[in-house]
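Here's upload_39.cif, which has mmCIF, C-alpha atoms:
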data_query
loop_
_atom_site.label_atom_id
_atom_site.label_comp_id
_atom_site.auth_asym_id
_atom_site.auth_seq_id
_atom_site.Cartn_x
_atom_site.Cartn_y
_atom_site.Cartn_z
CA MET X 1 -6.91 -11.75 13.88
CA GLY X 2 -3.13 -12.37 13.90
CA ILE X 3 -2.84 -11.75 10.15
CA ALA X 4 -4.94 -8.56 10.37
CA LEU X 5 -2.78 -7.23 13.22
CA ALA X 6 0.44 -8.11 11.35
CA LEU X 7 -0.88 -6.17 8.33
CA ILE X 8 -1.78 -3.23 10.60
CA ALA X 9 1.75 -3.37 12.05
CA ALA X 10 3.30 -3.36 8.56
CA LEU X 11 1.05 -0.45 7.52
CA CYS X 12 1.98 1.52 10.67
CA PHE X 13 5.70 0.91 10.11
CA SER X 14 5.37 2.10 6.50
CA THR X 15 3.25 5.15 7.35
CA GLY X 16 5.67 6.02 10.15
CA THR X 17 8.59 5.98 7.70
CA ILE X 18 6.74 8.20 5.22
CA THR X 19 5.80 10.57 8.09
CA VAL X 20 9.49 10.80 9.05
CA ARG X 21 10.33 11.71 5.43
CA PHE X 22 7.86 14.61 5.58
CA ALA X 23 9.17 15.66 9.01
CA THR X 24 12.79 15.72 7.75
CA GLN X 25 11.79 18.54 5.40
CA HIS X 26 11.34 20.79 8.47
CA LEU X 27 13.31 19.24 11.37
CA ARG X 28 16.72 17.68 11.97
CA PRO X 29 16.79 13.87 12.50
CA THR X 30 18.00 14.41 16.09
CA SER X 31 14.94 16.53 16.93
CA ILE X 32 12.61 14.01 15.27
CA VAL X 33 14.10 11.21 17.42
CA ALA X 34 13.66 13.33 20.59
CA VAL X 35 10.02 14.24 19.82
CA SER X 36 8.93 10.87 18.42
CA SER X 37 10.37 8.88 21.34
CA LEU X 38 8.79 11.27 23.87
CA TRP X 39 5.32 10.93 22.30
CA GLY X 40 5.70 7.15 22.03
CA SER X 41 6.85 6.95 25.64
CA ALA X 42 3.88 9.02 26.91
CA VAL X 43 1.32 6.71 25.30
CA ALA X 44 3.25 3.55 26.30
CA PHE X 45 3.34 4.74 29.95
CA VAL X 46 -0.45 5.26 29.98
CA VAL X 47 -0.99 1.72 28.64
CA ALA X 48 1.65 0.26 30.99
CA PHE X 49 0.12 1.94 34.05
CA ILE X 50 -3.38 0.67 33.15
CA PHE X 51 -2.47 -2.94 32.30
CA PHE X 52 0.95 -3.70 33.82
CA ARG X 53 1.15 -1.64 37.02
CA ASP X 54 2.38 -4.62 39.08
CA GLU X 55 5.19 -5.28 36.60
CA ILE X 56 6.34 -1.65 36.90
CA TRP X 57 6.57 -1.83 40.72
CA ALA X 58 8.44 -5.15 40.43
CA LEU X 59 11.22 -3.73 38.21
CA THR X 60 14.78 -4.22 39.46
CA GLY X 61 17.99 -2.21 39.01
CA VAL X 62 19.11 -4.74 36.39
CA ALA X 63 15.95 -4.05 34.36
CA PHE X 64 16.65 -0.29 34.43
CA ALA X 65 20.24 -0.92 33.34
CA TRP X 66 18.89 -2.93 30.38
CA PHE X 67 16.37 -0.16 29.52
CA THR X 68 19.27 2.31 29.36
CA VAL X 69 21.29 0.04 27.04
CA VAL X 70 18.20 -0.65 24.87
CA ALA X 71 17.48 3.10 24.73
CA PHE X 72 21.03 3.82 23.61
CA VAL X 73 21.07 1.15 20.88
CA ASN X 74 17.50 1.84 19.75
CA PHE X 75 17.33 5.63 19.76
CA LEU X 76 20.90 6.95 19.58
CA MET X 77 22.07 4.29 17.12
CA ALA X 78 19.30 2.51 15.16
CA ARG X 79 16.59 5.17 14.98
CA LEU X 80 18.91 8.17 14.64
CA LEU X 81 20.87 6.46 11.86
CA SER X 82 17.60 5.46 10.19
CA TYR X 83 16.17 9.01 10.25
CA THR X 84 19.53 10.45 9.16
CA SER X 85 19.59 8.07 6.19
CA ILE X 86 16.06 9.14 5.20
CA TYR X 87 17.13 12.80 5.58
CA LEU X 88 20.18 12.29 3.35
CA ALA X 89 19.08 9.74 0.75
CA GLY X 90 15.26 9.55 0.92
CA VAL X 91 12.77 6.77 1.65
CA VAL X 92 12.82 4.85 -1.65
CA ARG X 93 16.62 4.37 -1.62
CA THR X 94 17.00 3.51 2.08
CA THR X 95 13.89 1.40 2.82
CA PRO X 96 15.16 -1.82 1.17
CA VAL X 97 18.46 -1.43 3.06
CA HIS X 98 16.53 -1.00 6.32
CA GLY X 99 14.60 -4.12 5.36
CA SER X 100 17.76 -6.20 5.78
CA GLN X 101 17.35 -6.00 9.60
CA PRO X 102 16.37 -9.69 10.03
CA LEU X 103 19.60 -10.68 8.26
CA TRP X 104 21.64 -8.75 10.84
CA GLY X 105 19.39 -10.10 13.61
CA SER X 106 20.08 -13.69 12.60
CA MET X 107 23.80 -12.95 12.21
CA PHE X 108 23.94 -11.58 15.77
CA ALA X 109 21.84 -14.54 16.97
CA VAL X 110 24.31 -16.98 15.36
CA VAL X 111 27.36 -15.18 16.77
CA LEU X 112 26.04 -14.15 20.23
CA LEU X 113 23.41 -16.79 21.00
CA GLY X 114 24.95 -19.69 19.07
CA GLU X 115 21.87 -20.28 16.88
CA GLU X 116 22.10 -22.84 14.07
CA ILE X 117 23.01 -21.98 10.43
CA THR X 118 20.57 -23.67 8.03
CA PRO X 119 20.51 -23.88 4.20
CA MET X 120 17.38 -21.68 4.21
CA LEU X 121 19.24 -19.06 6.28
CA ILE X 122 22.12 -19.11 3.77
CA ALA X 123 19.68 -18.75 0.82
CA GLY X 124 17.88 -15.87 2.57
CA THR X 125 21.18 -14.17 3.39
CA LEU X 126 22.26 -14.39 -0.26
CA ALA X 127 18.94 -12.98 -1.51
CA VAL X 128 19.01 -10.07 0.98
CA THR X 129 22.67 -9.28 0.22
CA LEU X 130 22.01 -9.33 -3.54
CA GLY X 131 18.91 -7.13 -3.10
CA VAL X 132 20.73 -4.59 -0.93
CA MET X 133 23.67 -4.49 -3.38
CA LEU X 134 21.27 -3.85 -6.27
CA VAL X 135 19.57 -1.00 -4.38
CA LEU X 136 22.92 0.49 -3.30
CA TRP X 137 24.25 0.34 -6.86
CA ASP X 138 21.08 1.95 -8.22
CA GLY X 139 21.02 4.62 -5.47
CA VAL X 140 24.59 5.72 -6.18
CA ARG X 141 24.26 5.39 -9.99
CA ARG X 142 21.25 7.76 -10.20
CA MET Q 143 15.18 21.17 2.24
CA ILE Q 144 18.41 19.26 1.72
CA LYS Q 145 19.69 18.78 -1.84
CA GLN Q 146 20.34 15.07 -2.50
CA ARG Q 147 23.86 15.21 -3.90
CA GLU Q 148 25.83 12.03 -4.50
CA PRO Q 149 28.17 12.08 -1.44
CA MET Q 150 25.13 12.65 0.78
CA ILE Q 151 23.30 9.77 -0.86
CA VAL Q 152 26.26 7.43 -0.30
CA LEU Q 153 26.47 8.61 3.31
CA GLY Q 154 22.71 8.10 3.68
CA MET Q 155 22.93 4.55 2.30
CA LEU Q 156 25.79 3.74 4.70
CA ALA Q 157 23.73 5.17 7.58
CA ALA Q 158 20.81 2.96 6.49
CA MET Q 159 23.06 -0.11 6.57
CA ALA Q 160 24.46 0.82 10.00
CA SER Q 161 20.89 1.39 11.19
CA ALA Q 162 19.81 -2.07 9.96
CA ALA Q 163 22.79 -3.64 11.78
CA SER Q 164 21.90 -1.69 14.96
CA TYR Q 165 18.28 -2.89 14.73
CA GLY Q 166 19.61 -6.44 14.33
CA LEU Q 167 21.64 -6.07 17.53
CA LEU Q 168 18.65 -4.43 19.23
CA LEU Q 169 16.41 -7.36 18.31
CA THR Q 170 18.75 -9.79 20.08
CA MET Q 171 18.88 -7.54 23.17
CA VAL Q 172 15.12 -6.98 23.26
CA ARG Q 173 14.50 -10.73 23.00
CA HIS Q 174 16.66 -11.14 26.13
CA VAL Q 175 15.02 -8.26 28.07
CA VAL Q 176 11.39 -9.27 27.41
CA THR Q 177 12.08 -12.90 28.31
CA THR Q 178 14.07 -12.22 31.50
CA GLN Q 179 12.97 -8.79 32.82
CA THR Q 180 9.50 -7.44 31.98
CA HIS Q 181 6.58 -7.04 29.55
CA PRO Q 182 7.43 -5.44 26.16
CA ILE Q 183 5.18 -2.40 26.70
CA VAL Q 184 6.90 -1.60 30.03
CA MET Q 185 10.28 -1.87 28.29
CA ILE Q 186 9.07 0.35 25.43
CA ALA Q 187 7.74 3.00 27.88
CA PHE Q 188 10.96 3.29 29.88
CA SER Q 189 13.45 2.87 27.02
CA SER Q 190 11.57 5.47 24.90
CA LEU Q 191 11.66 7.95 27.79
CA PHE Q 192 15.37 7.30 28.38
CA GLY Q 193 15.99 7.58 24.62
CA SER Q 194 14.22 10.94 24.43
CA ILE Q 195 16.18 12.28 27.42
CA MET Q 196 19.54 11.05 26.02
CA THR Q 197 18.86 12.55 22.57
CA THR Q 198 17.69 15.88 24.02
CA VAL Q 199 20.73 16.15 26.33
CA ILE Q 200 23.33 15.15 23.71
CA PHE Q 201 21.79 17.16 20.84
CA HIS Q 202 20.30 19.99 22.93
CA ARG Q 203 21.44 22.64 20.41
CA HIS Q 204 19.51 20.99 17.56
CA VAL Q 205 16.44 20.49 19.71
CA MET Q 206 16.52 24.10 20.97
CA GLN Q 207 16.90 25.46 17.42
CA ASP Q 208 14.13 23.21 16.08
CA ARG Q 209 11.65 24.14 18.81
CA LYS Q 210 10.85 27.19 16.65
CA ALA Q 211 9.66 24.85 13.87
CA THR Q 212 6.04 24.88 12.76
CA LYS Q 213 3.34 23.02 14.68
CA ARG Q 214 2.86 20.79 11.62
CA ALA Q 215 6.50 19.69 11.76
CA ILE Q 216 6.28 18.83 15.47
CA LEU Q 217 3.01 16.96 14.82
CA LEU Q 218 4.64 14.95 12.02
CA ALA Q 219 7.57 14.00 14.28
CA GLY Q 220 5.21 13.05 17.12
CA ALA Q 221 2.97 11.09 14.77
CA SER Q 222 5.95 9.07 13.54
CA GLY Q 223 6.59 8.03 17.17
CA LEU Q 224 2.95 7.01 17.60
CA PHE Q 225 2.99 5.01 14.35
CA SER Q 226 6.13 3.27 15.54
CA LEU Q 227 4.49 2.46 18.90
CA ALA Q 228 1.29 1.24 17.21
CA ALA Q 229 3.33 -0.92 14.84
CA THR Q 230 5.40 -2.52 17.61
CA SER Q 231 2.33 -3.14 19.83
CA SER Q 232 0.31 -4.63 16.94
CA LEU Q 233 3.23 -6.89 16.13
CA TYR Q 234 3.51 -8.20 19.72
CA ILE Q 235 -0.27 -8.81 19.90
CA ALA Q 236 -0.26 -10.41 16.43
CA LEU Q 237 2.33 -12.90 17.67
CA GLN Q 238 -0.09 -13.95 20.43
CA PHE Q 239 -2.77 -14.85 17.86
CA ALA Q 240 -0.71 -16.26 14.97
CA GLU Q 241 2.53 -18.17 14.58
CA VAL Q 242 5.81 -16.50 13.68
CA VAL Q 243 5.85 -18.27 10.28
CA VAL Q 244 2.61 -16.41 9.41
CA VAL Q 245 3.42 -13.01 10.96
CA ALA Q 246 7.09 -12.67 10.01
CA PRO Q 247 6.76 -12.90 6.20
CA LEU Q 248 3.95 -10.31 6.34
CA MET Q 249 6.21 -8.01 8.38
CA GLY Q 250 9.08 -8.72 6.02
CA ALA Q 251 6.98 -7.23 3.22
CA THR Q 252 7.02 -3.84 4.99
CA PRO Q 253 9.78 -2.41 2.72
CA LEU Q 254 7.70 -3.25 -0.34
CA LEU Q 255 4.65 -1.53 1.18
CA THR Q 256 6.75 1.51 2.15
CA VAL Q 257 8.26 1.82 -1.31
CA PHE Q 258 4.79 1.64 -2.90
CA ILE Q 259 3.30 4.24 -0.51
CA ALA Q 260 6.35 6.47 -1.08
CA HIS Q 261 5.92 6.11 -4.84
CA PHE Q 262 2.44 7.61 -4.60
CA THR Q 263 2.83 10.10 -1.72
CA LEU Q 264 6.36 11.36 -2.46
CA ARG Q 265 6.10 11.36 -6.25
CA LYS Q 266 7.43 14.95 -6.46
CA VAL Q 267 10.57 14.33 -4.37
CA GLU Q 268 11.44 10.66 -4.91
CA ARG Q 269 11.47 8.29 -7.87
CA LEU Q 270 11.07 4.49 -7.81
CA THR Q 271 13.25 2.76 -10.41
CA PHE Q 272 13.14 -0.82 -11.72
CA PRO Q 273 16.48 -1.92 -10.11
CA THR Q 274 15.35 -0.53 -6.73
CA LEU Q 275 12.02 -2.37 -7.04
CA MET Q 276 13.84 -5.61 -7.94
CA GLY Q 277 16.28 -5.13 -5.07
CA THR Q 278 13.36 -4.57 -2.67
CA LEU Q 279 11.66 -7.77 -3.89
CA LEU Q 280 14.90 -9.74 -3.35
CA VAL Q 281 15.24 -8.33 0.19
CA VAL Q 282 11.60 -9.23 0.98
CA ALA Q 283 12.06 -12.79 -0.36
CA GLY Q 284 15.34 -13.20 1.54
CA VAL Q 285 13.82 -11.92 4.77
CA ALA Q 286 10.91 -14.37 4.38
CA LEU Q 287 13.42 -17.25 4.00
CA ILE Q 288 15.43 -16.09 7.05
CA THR Q 289 12.37 -15.73 9.29
CA ILE Q 290 10.92 -19.09 8.22
CA SER Q 291 14.33 -20.67 8.87
CA GLN Q 292 14.42 -19.09 12.35
CA ALA Q 293 10.86 -20.23 13.10
CA ALA Q 294 11.62 -23.77 11.91
CA SER Q 295 14.68 -24.08 14.16
#
Let's see the structure in the file written out as structure tokens.
Amino acid sequence: MGIALALIAALCFSTGTITVRFATQHLRPTSIVAVSSLWGSAVAFVVAFIFFRDEIWALTGVAFAWFTVVAFVNFLMARLLSYTSIYLAGVVRTTPVHGSQPLWGSMFAVVLLGEEITPMLIAGTLAVTLGVMLVLWDGVRR
Amino acid sequence: MIKQREPMIVLGMLAAMASAASYGLLLTMVRHVVTTQTHPIVMIAFSSLFGSIMTTVIFHRHVMQDRKATKRAILLAGASGLFSLAATSSLYIALQFAEVVVVAPLMGATPLLTVFIAHFTLRKVERLTFPTLMGTLLVVAGVALITISQAAS
């Protein structure tokens, strides 16, 4: 069940990226972010109201402050930059670069949360860096 | 449609890198919010709504100009949001049924899957080259090592 759902998640992420590529042929990245987040929010609210109504009523001011910060980093930074990159350079060139997210995540976790640096983390970091450099070189060379 | 000239491609690649870094920062923040504040789906609902409002207010000119776009274009943009929501929800549920060491490498393979789907669906507008494929494989392998390392610690 877990593996099937993980595969569905990966397929949805991929299909979503391809859908954005098609949408960028007609709309600006900013408009795609506005529309996509509104549709996602509408469905998420329906699910949240059905299954997590108590959690919604229990939300504090601190939680809303966090939602605002998360919204800024997610939609105005991460997603807008991602859609802009697809708009400018295409899916094939930018996808591997987007794929380096866990590397940045672990770097932030090491710096901000004080997580441990392991040999496997160093090996993974080297592989991701080399892969991204190869894609960047090929993207600019073409 | 935009012409993919070199300066734009370089700018696009830099935007992709900045986006990946932003997602990395986001991941750390989300981990904190869902462990201290509320359920992920409640966070997604509110932060998506706030994100849509912020984007519409800041880029209102773009949004107003694009509202004349075709229904198909709006549907594609909306569908991308739904795919993103479905992906995130499936991932959270998957983590309740399987361990991170199983789920994370599968998720790390997403770029490879995307590149393959793009190769077949965007054949007329984008080309997959051998160095890009190799680079993607290296990223996927590296991400698998990083996630296994995180899960082990």
Interface, chain X side, toward chain Q (6 Å; only C-alpha atoms) as an MDAnalysis selection string: chainID X and resid 2 5:6 9:10 12:14 16 19:20 23 25:26 31:32 34:41 44:45 48 63 67 71 75 78 81:82 85 88:89 92 94:99 101 104:105 120:121 124 127:128 131 134:135
Go ahead and save the picked residues with C-alpha atoms, as a PDB file, in the coordinates of the input.
ATOM      1  CA  GLY X   2      -3.130 -12.370  13.900  1.00  0.00           C
ATOM      2  CA  LEU X   5      -2.780  -7.230  13.220  1.00  0.00           C
ATOM      3  CA  ALA X   6       0.440  -8.110  11.350  1.00  0.00           C
ATOM      4  CA  ALA X   9       1.750  -3.370  12.050  1.00  0.00           C
ATOM      5  CA  ALA X  10       3.300  -3.360   8.560  1.00  0.00           C
ATOM      6  CA  CYS X  12       1.980   1.520  10.670  1.00  0.00           C
ATOM      7  CA  PHE X  13       5.700   0.910  10.110  1.00  0.00           C
ATOM      8  CA  SER X  14       5.370   2.100   6.500  1.00  0.00           C
ATOM      9  CA  GLY X  16       5.670   6.020  10.150  1.00  0.00           C
ATOM     10  CA  THR X  19       5.800  10.570   8.090  1.00  0.00           C
ATOM     11  CA  VAL X  20       9.490  10.800   9.050  1.00  0.00           C
ATOM     12  CA  ALA X  23       9.170  15.660   9.010  1.00  0.00           C
ATOM     13  CA  GLN X  25      11.790  18.540   5.400  1.00  0.00           C
ATOM     14  CA  HIS X  26      11.340  20.790   8.470  1.00  0.00           C
ATOM     15  CA  SER X  31      14.940  16.530  16.930  1.00  0.00           C
ATOM     16  CA  ILE X  32      12.610  14.010  15.270  1.00  0.00           C
ATOM     17  CA  ALA X  34      13.660  13.330  20.590  1.00  0.00           C
ATOM     18  CA  VAL X  35      10.020  14.240  19.820  1.00  0.00           C
ATOM     19  CA  SER X  36       8.930  10.870  18.420  1.00  0.00           C
ATOM     20  CA  SER X  37      10.370   8.880  21.340  1.00  0.00           C
ATOM     21  CA  LEU X  38       8.790  11.270  23.870  1.00  0.00           C
ATOM     22  CA  TRP X  39       5.320  10.930  22.300  1.00  0.00           C
ATOM     23  CA  GLY X  40       5.700   7.150  22.030  1.00  0.00           C
ATOM     24  CA  SER X  41       6.850   6.950  25.640  1.00  0.00           C
ATOM     25  CA  ALA X  44       3.250   3.550  26.300  1.00  0.00           C
ATOM     26  CA  PHE X  45       3.340   4.740  29.950  1.00  0.00           C
ATOM     27  CA  ALA X  48       1.650   0.260  30.990  1.00  0.00           C
ATOM     28  CA  ALA X  63      15.950  -4.050  34.360  1.00  0.00           C
ATOM     29  CA  PHE X  67      16.370  -0.160  29.520  1.00  0.00           C
ATOM     30  CA  ALA X  71      17.480   3.100  24.730  1.00  0.00           C
ATOM     31  CA  PHE X  75      17.330   5.630  19.760  1.00  0.00           C
ATOM     32  CA  ALA X  78      19.300   2.510  15.160  1.00  0.00           C
ATOM     33  CA  LEU X  81      20.870   6.460  11.860  1.00  0.00           C
ATOM     34  CA  SER X  82      17.600   5.460  10.190  1.00  0.00           C
ATOM     35  CA  SER X  85      19.590   8.070   6.190  1.00  0.00           C
ATOM     36  CA  LEU X  88      20.180  12.290   3.350  1.00  0.00           C
ATOM     37  CA  ALA X  89      19.080   9.740   0.750  1.00  0.00           C
ATOM     38  CA  VAL X  92      12.820   4.850  -1.650  1.00  0.00           C
ATOM     39  CA  THR X  94      17.000   3.510   2.080  1.00  0.00           C
ATOM     40  CA  THR X  95      13.890   1.400   2.820  1.00  0.00           C
ATOM     41  CA  PRO X  96      15.160  -1.820   1.170  1.00  0.00           C
ATOM     42  CA  VAL X  97      18.460  -1.430   3.060  1.00  0.00           C
ATOM     43  CA  HIS X  98      16.530  -1.000   6.320  1.00  0.00           C
ATOM     44  CA  GLY X  99      14.600  -4.120   5.360  1.00  0.00           C
ATOM     45  CA  GLN X 101      17.350  -6.000   9.600  1.00  0.00           C
ATOM     46  CA  TRP X 104      21.640  -8.750  10.840  1.00  0.00           C
ATOM     47  CA  GLY X 105      19.390 -10.100  13.610  1.00  0.00           C
ATOM     48  CA  MET X 120      17.380 -21.680   4.210  1.00  0.00           C
ATOM     49  CA  LEU X 121      19.240 -19.060   6.280  1.00  0.00           C
ATOM     50  CA  GLY X 124      17.880 -15.870   2.570  1.00  0.00           C
ATOM     51  CA  ALA X 127      18.940 -12.980  -1.510  1.00  0.00           C
ATOM     52  CA  VAL X 128      19.010 -10.070   0.980  1.00  0.00           C
ATOM     53  CA  GLY X 131      18.910  -7.130  -3.100  1.00  0.00           C
ATOM     54  CA  LEU X 134      21.270  -3.850  -6.270  1.00  0.00           C
ATOM     55  CA  VAL X 135      19.570  -1.000  -4.380  1.00  0.00           C
TER      56      VAL X 135
END
Separation of CA of Trp57 (chain X) from CA of Leu76 (chain X) in Å: 27.0 Å
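As for CA of Glu115 (chain X) and CA of Ala65 (chain X), they are spaced 25.5 Å apart.
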